[in-house]
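Structure below is entry.cif: mmCIF, C-alpha atoms and all ligand atoms.
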data_coords
loop_
_atom_site.label_atom_id
_atom_site.label_comp_id
_atom_site.auth_asym_id
_atom_site.auth_seq_id
_atom_site.Cartn_x
_atom_site.Cartn_y
_atom_site.Cartn_z
CA GLU M 1 0.00 0.00 0.00
CA VAL M 2 1.25 3.46 -0.97
CA PRO M 3 1.43 5.94 1.94
CA TRP M 4 -0.79 9.02 1.60
CA PHE M 5 0.83 12.15 0.27
CA PRO M 6 -0.45 15.54 -0.87
CA MET M 7 -1.10 15.66 -4.63
CA ASN M 8 -2.06 19.32 -4.75
CA ILE M 9 -0.61 22.26 -2.83
CA ARG M 10 -4.05 22.82 -1.26
CA GLU M 11 -3.85 19.40 0.34
CA LEU M 12 -1.12 20.75 2.62
CA ASP M 13 -4.13 22.10 4.55
CA LEU M 14 -4.65 18.51 5.66
CA THR M 15 -1.24 18.43 7.34
CA VAL M 16 -1.94 20.07 10.67
CA ASP M 17 -1.13 17.41 13.24
CA THR M 18 2.07 18.19 15.06
CA LEU M 19 4.03 15.67 17.07
CA ASP M 20 5.00 17.25 20.19
CA GLY M 21 5.22 19.51 22.98
CA GLY M 22 5.99 22.24 20.46
CA THR M 23 2.40 23.32 20.47
CA GLU M 24 1.23 22.35 23.90
CA LEU M 25 4.42 22.83 25.93
CA ILE M 26 3.97 19.48 27.64
CA ASN M 27 7.67 19.17 28.37
CA GLU M 28 8.57 20.28 31.92
CA ASP M 29 12.12 21.18 30.83
CA HIS M 30 10.85 23.76 28.37
CA PRO M 31 11.98 27.24 29.48
CA GLY M 32 8.40 28.50 29.11
CA PHE M 33 6.73 25.61 30.93
CA ASN M 34 6.14 27.52 34.17
CA ASP M 35 5.28 30.86 32.59
CA PRO M 36 1.50 31.21 32.08
CA ALA M 37 1.82 34.46 30.11
CA TYR M 38 4.26 32.80 27.69
CA ARG M 39 1.99 29.79 27.30
CA GLU M 40 -0.98 32.00 26.58
CA ARG M 41 0.96 33.96 23.97
CA ARG M 42 2.15 30.74 22.35
CA PHE M 43 -1.44 29.57 22.18
CA GLU M 44 -2.47 32.80 20.48
CA ILE M 45 0.24 32.53 17.82
CA VAL M 46 -0.13 28.81 17.11
CA SER M 47 -3.90 29.27 16.76
CA LEU M 48 -3.22 31.50 13.77
CA ALA M 49 -1.14 28.75 12.18
CA LYS M 50 -3.78 26.11 12.88
CA ALA M 51 -6.50 28.18 11.24
CA TYR M 52 -4.42 29.01 8.17
CA LYS M 53 -5.60 27.73 4.76
CA HIS M 54 -3.68 27.69 1.50
CA GLY M 55 -4.16 30.87 -0.52
CA GLU M 56 -4.92 33.08 2.45
CA LYS M 57 -2.68 35.94 3.41
CA LEU M 58 -0.11 34.78 5.93
CA PRO M 59 -1.06 35.86 9.44
CA ARG M 60 0.73 38.97 10.69
CA VAL M 61 1.77 39.01 14.32
CA ARG M 62 2.22 42.20 16.30
CA TYR M 63 5.19 41.22 18.43
CA THR M 64 5.58 42.66 21.91
CA GLU M 65 8.54 44.69 23.14
CA GLN M 66 9.70 41.74 25.17
CA GLU M 67 9.59 39.46 22.12
CA THR M 68 11.42 42.03 20.03
CA ALA M 69 14.11 42.33 22.71
CA THR M 70 14.65 38.56 22.50
CA TRP M 71 14.94 38.81 18.71
CA GLN M 72 17.39 41.70 19.05
CA ALA M 73 19.66 39.77 21.40
CA VAL M 74 19.77 36.85 18.97
CA TYR M 75 20.10 39.01 15.85
CA GLU M 76 23.03 41.02 17.18
CA ARG M 77 24.98 38.13 18.56
CA LEU M 78 24.49 35.91 15.51
CA GLY M 79 25.34 38.70 13.07
CA SER M 80 28.98 38.94 14.06
CA LEU M 81 29.38 35.16 14.02
CA HIS M 82 27.85 34.92 10.54
CA ASP M 83 30.49 37.32 9.22
CA LYS M 84 33.07 34.80 10.33
CA TRP M 85 31.47 31.39 9.90
CA ALA M 86 28.42 31.48 7.62
CA CYS M 87 28.99 30.06 4.13
CA ARG M 88 29.22 32.36 1.12
CA GLU M 89 25.74 31.42 -0.11
CA TYR M 90 24.23 32.50 3.22
CA ARG M 91 26.01 35.85 3.19
CA SER M 92 25.56 36.76 -0.45
CA TYR M 93 23.19 36.13 -3.31
CA SER M 94 23.51 35.87 -7.03
CA THR M 95 20.62 35.16 -9.33
CA SER M 96 20.93 33.09 -12.43
CA LEU M 97 18.72 35.04 -14.77
CA PRO M 98 15.96 33.47 -16.81
CA LEU M 99 16.53 33.39 -20.57
CA TYR M 100 14.47 36.47 -21.39
CA ASP M 101 16.55 38.47 -18.92
CA LEU M 102 19.95 37.57 -20.30
CA CYS M 103 20.41 41.03 -21.76
CA ARG M 104 20.52 42.36 -18.21
CA GLN M 105 23.39 42.13 -15.79
CA PRO M 106 23.31 39.31 -13.25
CA ASP M 107 22.20 40.58 -9.88
CA GLU M 108 24.69 40.05 -7.05
CA GLY M 109 25.28 41.39 -3.58
CA GLU M 110 25.01 40.73 0.11
CA MET M 111 22.01 38.82 1.35
CA LEU M 112 21.24 40.54 4.64
CA PRO M 113 20.82 44.05 3.18
CA GLN M 114 18.28 42.50 0.78
CA MET M 115 16.40 40.90 3.64
CA GLU M 116 16.50 44.21 5.47
CA LYS M 117 15.25 46.09 2.44
CA TYR M 118 12.48 43.74 1.31
CA CYS M 119 11.52 41.64 4.30
CA GLY M 120 11.73 43.85 7.36
CA TYR M 121 14.83 42.26 8.88
CA ALA M 122 16.22 44.68 11.50
CA VAL M 123 17.60 44.52 15.03
CA ASN M 124 14.44 46.08 16.40
CA ASN M 125 11.85 44.31 14.24
CA ILE M 126 10.77 40.69 13.96
CA PRO M 127 10.02 40.20 10.26
CA GLN M 128 6.60 38.96 9.07
CA LEU M 129 6.36 35.56 7.37
CA GLY M 130 4.20 37.05 4.59
CA ASP M 131 6.86 39.55 3.54
CA ILE M 132 9.53 36.87 3.52
CA SER M 133 7.35 34.43 1.62
CA ASP M 134 6.69 37.04 -1.11
CA PHE M 135 10.41 37.74 -1.37
CA LEU M 136 11.38 34.07 -1.61
CA GLN M 137 8.68 33.37 -4.16
CA GLN M 138 10.22 35.94 -6.47
CA ARG M 139 13.70 34.57 -5.90
CA THR M 140 13.30 30.82 -6.08
CA GLY M 141 9.58 30.03 -6.01
CA PHE M 142 9.75 28.93 -2.38
CA THR M 143 6.93 30.04 -0.08
CA LEU M 144 6.41 29.78 3.67
CA ARG M 145 3.47 28.27 5.50
CA PRO M 146 2.87 28.88 9.19
CA ILE M 147 2.92 25.81 11.45
CA SER M 148 2.14 25.35 15.11
CA GLY M 149 5.01 23.01 16.03
CA LEU M 150 7.07 20.01 15.00
CA LEU M 151 5.63 17.91 12.19
CA SER M 152 6.43 14.30 11.40
CA ALA M 153 9.41 13.94 9.10
CA ARG M 154 7.12 12.69 6.32
CA ASP M 155 4.70 15.63 6.47
CA PHE M 156 7.51 18.12 6.80
CA LEU M 157 9.53 16.74 3.88
CA ASN M 158 6.48 16.21 1.64
CA ALA M 159 5.82 19.98 1.60
CA LEU M 160 9.31 20.66 0.24
CA ALA M 161 8.20 18.89 -2.96
CA PHE M 162 5.86 21.86 -3.48
CA ARG M 163 8.62 24.31 -2.62
CA VAL M 164 6.80 25.06 0.60
CA PHE M 165 8.67 25.47 3.87
CA TYR M 166 6.79 25.19 7.17
CA SER M 167 7.79 27.93 9.53
CA THR M 168 6.97 28.51 13.18
CA GLN M 169 5.96 32.05 14.08
CA TYR M 170 6.38 32.16 17.86
CA ILE M 171 9.62 33.13 19.57
CA ARG M 172 11.64 31.34 22.25
CA HIS M 173 11.23 32.24 25.94
CA HIS M 174 12.78 35.59 26.91
CA GLY M 175 14.42 34.03 29.98
CA ASN M 176 17.16 32.57 27.79
CA PRO M 177 17.44 34.18 24.34
CA PHE M 178 20.33 31.92 23.45
CA TYR M 179 18.59 28.61 23.92
CA THR M 180 15.57 26.91 22.39
CA PRO M 181 14.73 23.21 22.44
CA GLU M 182 12.60 23.49 19.29
CA PRO M 183 12.37 25.54 16.11
CA ASP M 184 11.20 29.13 16.69
CA ILE M 185 11.08 32.21 14.48
CA CYS M 186 14.75 33.04 15.13
CA HIS M 187 15.78 29.59 13.92
CA GLU M 188 13.57 29.78 10.82
CA LEU M 189 14.39 33.35 9.82
CA LEU M 190 18.07 33.53 10.73
CA GLY M 191 18.90 29.88 10.06
CA HIS M 192 16.79 28.73 7.11
CA VAL M 193 15.37 31.65 5.18
CA PRO M 194 18.45 33.25 3.55
CA LEU M 195 19.44 29.97 1.89
CA PHE M 196 15.98 29.43 0.41
CA ALA M 197 16.77 32.52 -1.67
CA ASN M 198 19.59 30.52 -3.29
CA PRO M 199 18.46 28.64 -6.43
CA ALA M 200 20.78 25.64 -5.97
CA PHE M 201 19.72 25.24 -2.35
CA ALA M 202 16.04 25.59 -3.26
CA ASP M 203 16.37 22.89 -5.92
CA PHE M 204 18.05 20.44 -3.66
CA SER M 205 15.55 20.99 -0.86
CA GLN M 206 12.74 20.24 -3.31
CA GLU M 207 14.65 17.16 -4.47
CA ILE M 208 14.54 15.71 -0.93
CA GLY M 209 10.85 16.61 -0.78
CA LEU M 210 10.01 14.81 -4.02
CA ALA M 211 11.94 11.76 -2.88
CA SER M 212 9.86 11.64 0.31
CA LEU M 213 6.49 11.39 -1.51
CA ALA M 214 5.09 7.88 -1.13
CA ALA M 215 8.44 6.73 0.26
CA THR M 216 8.52 3.82 2.71
CA ASP M 217 8.91 4.68 6.41
CA GLU M 218 12.44 3.37 6.20
CA ASP M 219 13.33 5.67 3.31
CA VAL M 220 11.66 8.65 5.03
CA ALA M 221 13.92 8.00 8.03
CA LYS M 222 16.95 7.97 5.72
CA LEU M 223 15.86 11.20 4.04
CA ALA M 224 15.24 12.78 7.45
CA ALA M 225 18.83 11.91 8.42
CA VAL M 226 20.19 13.33 5.16
CA TYR M 227 18.10 16.46 5.78
CA TRP M 228 19.46 16.66 9.31
CA PHE M 229 23.11 16.44 8.23
CA THR M 230 22.69 18.96 5.41
CA VAL M 231 19.84 21.46 5.72
CA GLU M 232 20.04 21.47 9.54
CA PHE M 233 23.68 20.71 10.36
CA GLY M 234 25.52 20.80 7.05
CA LEU M 235 29.00 22.29 6.63
CA LEU M 236 30.86 23.42 3.54
CA ARG M 237 34.54 23.69 2.80
CA GLU M 238 35.67 27.13 1.64
CA GLY M 239 39.39 26.93 0.93
CA GLU M 240 41.04 26.07 4.24
CA ASP M 241 37.96 26.95 6.25
CA VAL M 242 34.89 25.06 7.33
CA LYS M 243 31.72 27.16 7.00
CA ALA M 244 28.15 26.60 8.16
CA PHE M 245 25.23 26.09 5.82
CA GLY M 246 22.89 24.12 8.09
CA ALA M 247 20.22 26.21 9.82
CA GLY M 248 20.73 24.49 13.17
CA VAL M 249 24.34 25.67 13.10
CA LEU M 250 23.62 29.12 11.67
CA SER M 251 20.99 29.87 14.32
CA SER M 252 23.05 28.78 17.34
CA PHE M 253 26.18 30.53 18.69
CA GLY M 254 27.33 27.42 20.47
CA GLU M 255 26.87 25.05 17.54
CA MET M 256 28.56 27.50 15.16
CA GLU M 257 31.65 27.71 17.33
CA TRP M 258 31.58 23.96 17.92
CA ALA M 259 31.39 23.24 14.20
CA CYS M 260 33.58 25.98 12.71
CA ALA M 261 36.17 27.10 15.26
CA ASP M 262 39.67 25.62 15.03
CA VAL M 263 39.53 25.05 18.78
CA PRO M 264 36.06 25.29 20.37
CA SER M 265 36.27 26.90 23.82
CA GLN M 266 35.66 25.01 27.04
CA GLU M 267 32.59 27.18 27.66
CA CYS M 268 31.21 26.27 24.27
CA ARG M 269 31.71 22.55 24.82
CA GLU M 270 30.04 22.67 28.21
CA MET M 271 27.01 24.44 26.72
CA GLY M 272 26.55 21.57 24.33
CA SER M 273 27.27 18.81 26.87
CA MET M 274 30.44 17.75 25.06
CA LYS M 275 32.56 16.58 27.97
CA GLU M 276 35.18 14.33 26.44
CA GLN M 277 35.11 15.31 22.78
CA LEU M 278 37.12 18.41 21.80
CA LYS M 279 35.78 18.91 18.27
CA PRO M 280 33.17 17.33 16.02
CA ILE M 281 34.34 14.50 13.79
CA LEU M 282 34.04 15.89 10.26
CA ARG M 283 33.26 13.44 7.48
CA PRO M 284 33.09 14.26 3.79
CA LEU M 285 29.42 14.44 2.77
CA ASP M 286 28.26 11.03 1.62
CA PRO M 287 24.45 10.84 1.74
CA TRP M 288 24.48 7.03 2.01
CA GLU M 289 26.63 7.30 5.12
CA ALA M 290 24.68 10.30 6.47
CA SER M 291 21.39 8.43 5.98
CA LYS M 292 22.57 5.77 8.45
CA GLN M 293 24.35 8.02 10.93
CA GLU M 294 22.69 8.42 14.33
CA TYR M 295 22.32 11.89 15.78
CA PRO M 296 21.51 13.38 19.19
CA ILE M 297 18.95 16.20 19.35
CA THR M 298 19.74 17.65 22.78
CA THR M 299 23.55 17.94 22.64
CA TYR M 300 25.88 19.23 19.94
CA GLN M 301 26.58 16.92 17.02
CA PRO M 302 29.51 14.57 17.66
CA VAL M 303 29.68 13.74 13.93
CA MET M 304 29.08 16.23 11.12
CA PHE M 305 29.33 16.11 7.34
CA CYS M 306 31.22 18.60 5.23
CA ALA M 307 30.52 19.07 1.51
CA GLU M 308 33.03 20.48 -0.98
CA SER M 309 30.46 23.06 -2.08
CA LEU M 310 26.71 23.59 -2.23
CA GLU M 311 26.71 22.23 -5.78
CA ASP M 312 28.62 19.17 -4.57
CA ALA M 313 25.98 18.60 -1.88
CA GLU M 314 23.19 19.06 -4.40
CA PHE M 315 24.74 16.60 -6.86
CA ARG M 316 25.34 13.89 -4.26
CA ILE M 317 21.89 14.22 -2.75
CA ALA M 318 20.24 14.06 -6.16
CA GLN M 319 22.12 10.80 -6.76
CA PHE M 320 21.03 9.46 -3.40
CA CYS M 321 17.39 10.38 -4.02
CA ASP M 322 17.52 8.66 -7.42
CA SER M 323 18.76 5.50 -5.77
CA LEU M 324 15.63 5.10 -3.63
CA THR M 325 13.07 2.87 -5.28
CA ARG M 326 9.40 3.74 -5.41
CA PRO M 327 6.32 2.45 -7.22
CA PHE M 328 6.30 5.57 -9.40
CA PHE M 329 8.20 8.72 -10.19
CA PRO M 330 6.63 11.95 -8.87
CA GLN M 331 7.30 15.31 -10.47
CA TYR M 332 6.05 18.74 -9.48
CA ASP M 333 4.13 20.79 -12.03
CA PRO M 334 4.52 24.40 -10.86
CA LEU M 335 1.81 25.64 -13.25
CA THR M 336 -0.96 23.67 -11.58
CA GLN M 337 0.90 23.20 -8.29
CA THR M 338 0.23 19.49 -8.42
CA ILE M 339 2.28 16.32 -8.35
CA ARG M 340 2.29 14.27 -11.55
CA VAL M 341 3.18 10.65 -11.29
CA THR M 342 4.68 8.68 -14.13
N1 LIG N 401 8.69 20.32 11.80
C1 LIG N 401 8.82 21.65 11.82
N2 LIG N 401 7.76 22.41 12.09
N3 LIG N 401 10.01 22.23 11.58
C2 LIG N 401 11.11 21.52 11.27
O1 LIG N 401 12.19 22.09 11.02
C3 LIG N 401 11.00 20.10 11.23
C4 LIG N 401 9.74 19.52 11.53
N4 LIG N 401 12.03 19.32 10.91
N5 LIG N 401 9.62 18.16 11.56
C5 LIG N 401 11.84 17.97 10.52
C6 LIG N 401 10.78 17.30 11.37
C7 LIG N 401 13.21 17.35 10.42
O2 LIG N 401 13.87 17.26 11.66
C8 LIG N 401 13.34 16.01 9.73
C9 LIG N 401 12.77 15.94 8.37
O3 LIG N 401 12.89 14.97 10.55
FE FE N 402 15.18 23.76 11.09
#
What would the structure in this file look like if it were written as C-alpha cells?
Amino acid sequence: EVPWFPMNIRELDLTVDTLDGGTELINEDHPGFNDPAYRERRFEIVSLAKAYKHGEKLPRVRYTEQETATWQAVYERLGSLHDKWACREYRSYSTSLPLYDLCRQPDEGEMLPQMEKYCGYAVNNIPQLGDISDFLQQRTGFTLRPISGLLSARDFLNALAFRVFYSTQYIRHHGNPFYTPEPDICHELLGHVPLFANPAFADFSQEIGLASLAATDEDVAKLAAVYWFTVEFGLLREGEDVKAFGAGVLSSFGEMEWACADVPSQECREMGSMKEQLKPILRPLDPWEASKQEYPITTYQPVMFCAESLEDAEFRIAQFCDSLTRPFFPQYDPLTQTIRVT
C-alpha cells in the first residue's frame, strides 16, 4: 500500500497534526513551561497557524517589546558570528537570470541588506512571514506556510516537494534568548530563510521533498537523516575553512563555534554537553553514510558532514534520491501546483 501524500498544494491544509510539545508545551524542561503568560501567547500565535488555509494571506503578528528584545539579542549576537562562519551562499546572493533576462546584468550582492530592504529584517523588528514568503517566491519560487510546532518527518519533507517550507511564528522564551529546544522564528528566519533565496539550495531541498512522496517509512527515516546532516547541520569547505550552511548551526552561537572554530572553547563545549570530545568529527558528505548516521537532538553533534560546495551537496543528494526505489516517479508541475506521477 502506498502511503498518503499531498497531490495538490491545497492538500497541505490537511497536514496540521504536530508531534510534540511544540504546540502544547507538555515538556517540563521547556523554558516557558512555568510561565503562564508565555503559554498563553504561544497559544495565540499557534492558533493563527492552525487556522491558516492555502491561498490566504499569511497571518501577521504584532510582536511585543519583550519578544522584540529577545529577537534583538539573537540578531546582534548571531550577526557577528555569521560574518566569520556562515557560508558564502548564506552571506551573499547571485541570481541566475531566466533566458528572457539575459540582456541584463546578473544581480549580485550581500544577502542581509536584501532581507533588510524587502523583508523587514532589523535589530528592532521581527520580520513577518508574509513579507519573507513574497520575497522568496520571487527569488526561487519557495513560499512559507505557518505551522504550530514540530511535524512528522514525512509531512515536513512532503511539503518541500511543493517548494513550501513550514515555519513557526512564535519566539523562544525571553528568559534565555540563546537557547531553544525546538524551532522558533529566530531559527527559521536567521537559520533557514536566507538559503531558500539561493536557487541551488532551493532545488536540492525540493529534491529531498520529491523523494519523500510515497516513500517507505524506512526511506523517510533515511531522508530525514540526510536532511538533518545537510539542511540542519551541514557544513561546507571554503578553501582552508569550514563554514556553516545548516540552519541548526547558523541559528546557534554554540553550535557555530563547535562546528567551525579551530579550537572550540571550554565554555562552548560545556554548553553543548560535550565533555570528552574536543571537536566534532568531520566526514566528507556522503548521503548514504549520512542516511545511516545516528544523531543526538539535545547535545551538539559529535559527527558532522562537510561538503566540498553547495553544488557538490546538491549533486550527491540528487544521486542518493535517485537510488531510492518507489512504485512511481513523482514530479512537481509548478503551473498547476500538483504532483504528476509517471
Ligand atoms: N517540523 C517543523 N515544524 N520544523 C522543522 O524544522 C522540522 C519539523 N524538521 N519536523 C523535521 C521534522 C526534520 O527534523 C526532519 C525531516 O525529521
Ligand atoms: Fe530547522
(request) Pick out the residues sitting within 9 Å of Glu182 in chain M, and hand them over as a PyMOL selection string; count all atoms listed in the file, and ignore anything fewer than 4 positions along from it in its own chain. (result) chain M and resi 22+149-150+172+187
(message) Taking all atoms listed in the file into account, name the residue in M:Leu14, M:Val242, M:Leu250, M:Val220 that is nearest to ligand FE 402 (chain N).
(response)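 Smallest distance to ligand FE 402 (chain N) is found for M:Leu250.
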(message) Please return as a list of chain:residue names the residues found within 6 Å of ligand LIG 401 (chain N), counting all atoms listed in the file.
(response) M:Ile147, M:Gly149, M:Leu150, M:Leu151, M:Ser152, M:Ala153, M:Phe156, M:Leu157, M:Tyr166, M:Ala224, M:Tyr227
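Selecting all polymer residues at most 7 Å from ligand FE 402 (chain N), using only C-alpha atoms and all ligand atoms, gives Pro183, His187, Glu188, His192, Glu232, Ala247 and Gly248 of chain M.
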(message) With distances taken over all atoms listed in the file, which residue among M:Pro31, M:Pro327, M:Gly55, M:Pro36 lies nearest Arg10 in chain M?
(response)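 Of M:Pro31, M:Pro327, M:Gly55, M:Pro36, the one nearest Arg10 in chain M, counting all atoms listed in the file, is M:Gly55.
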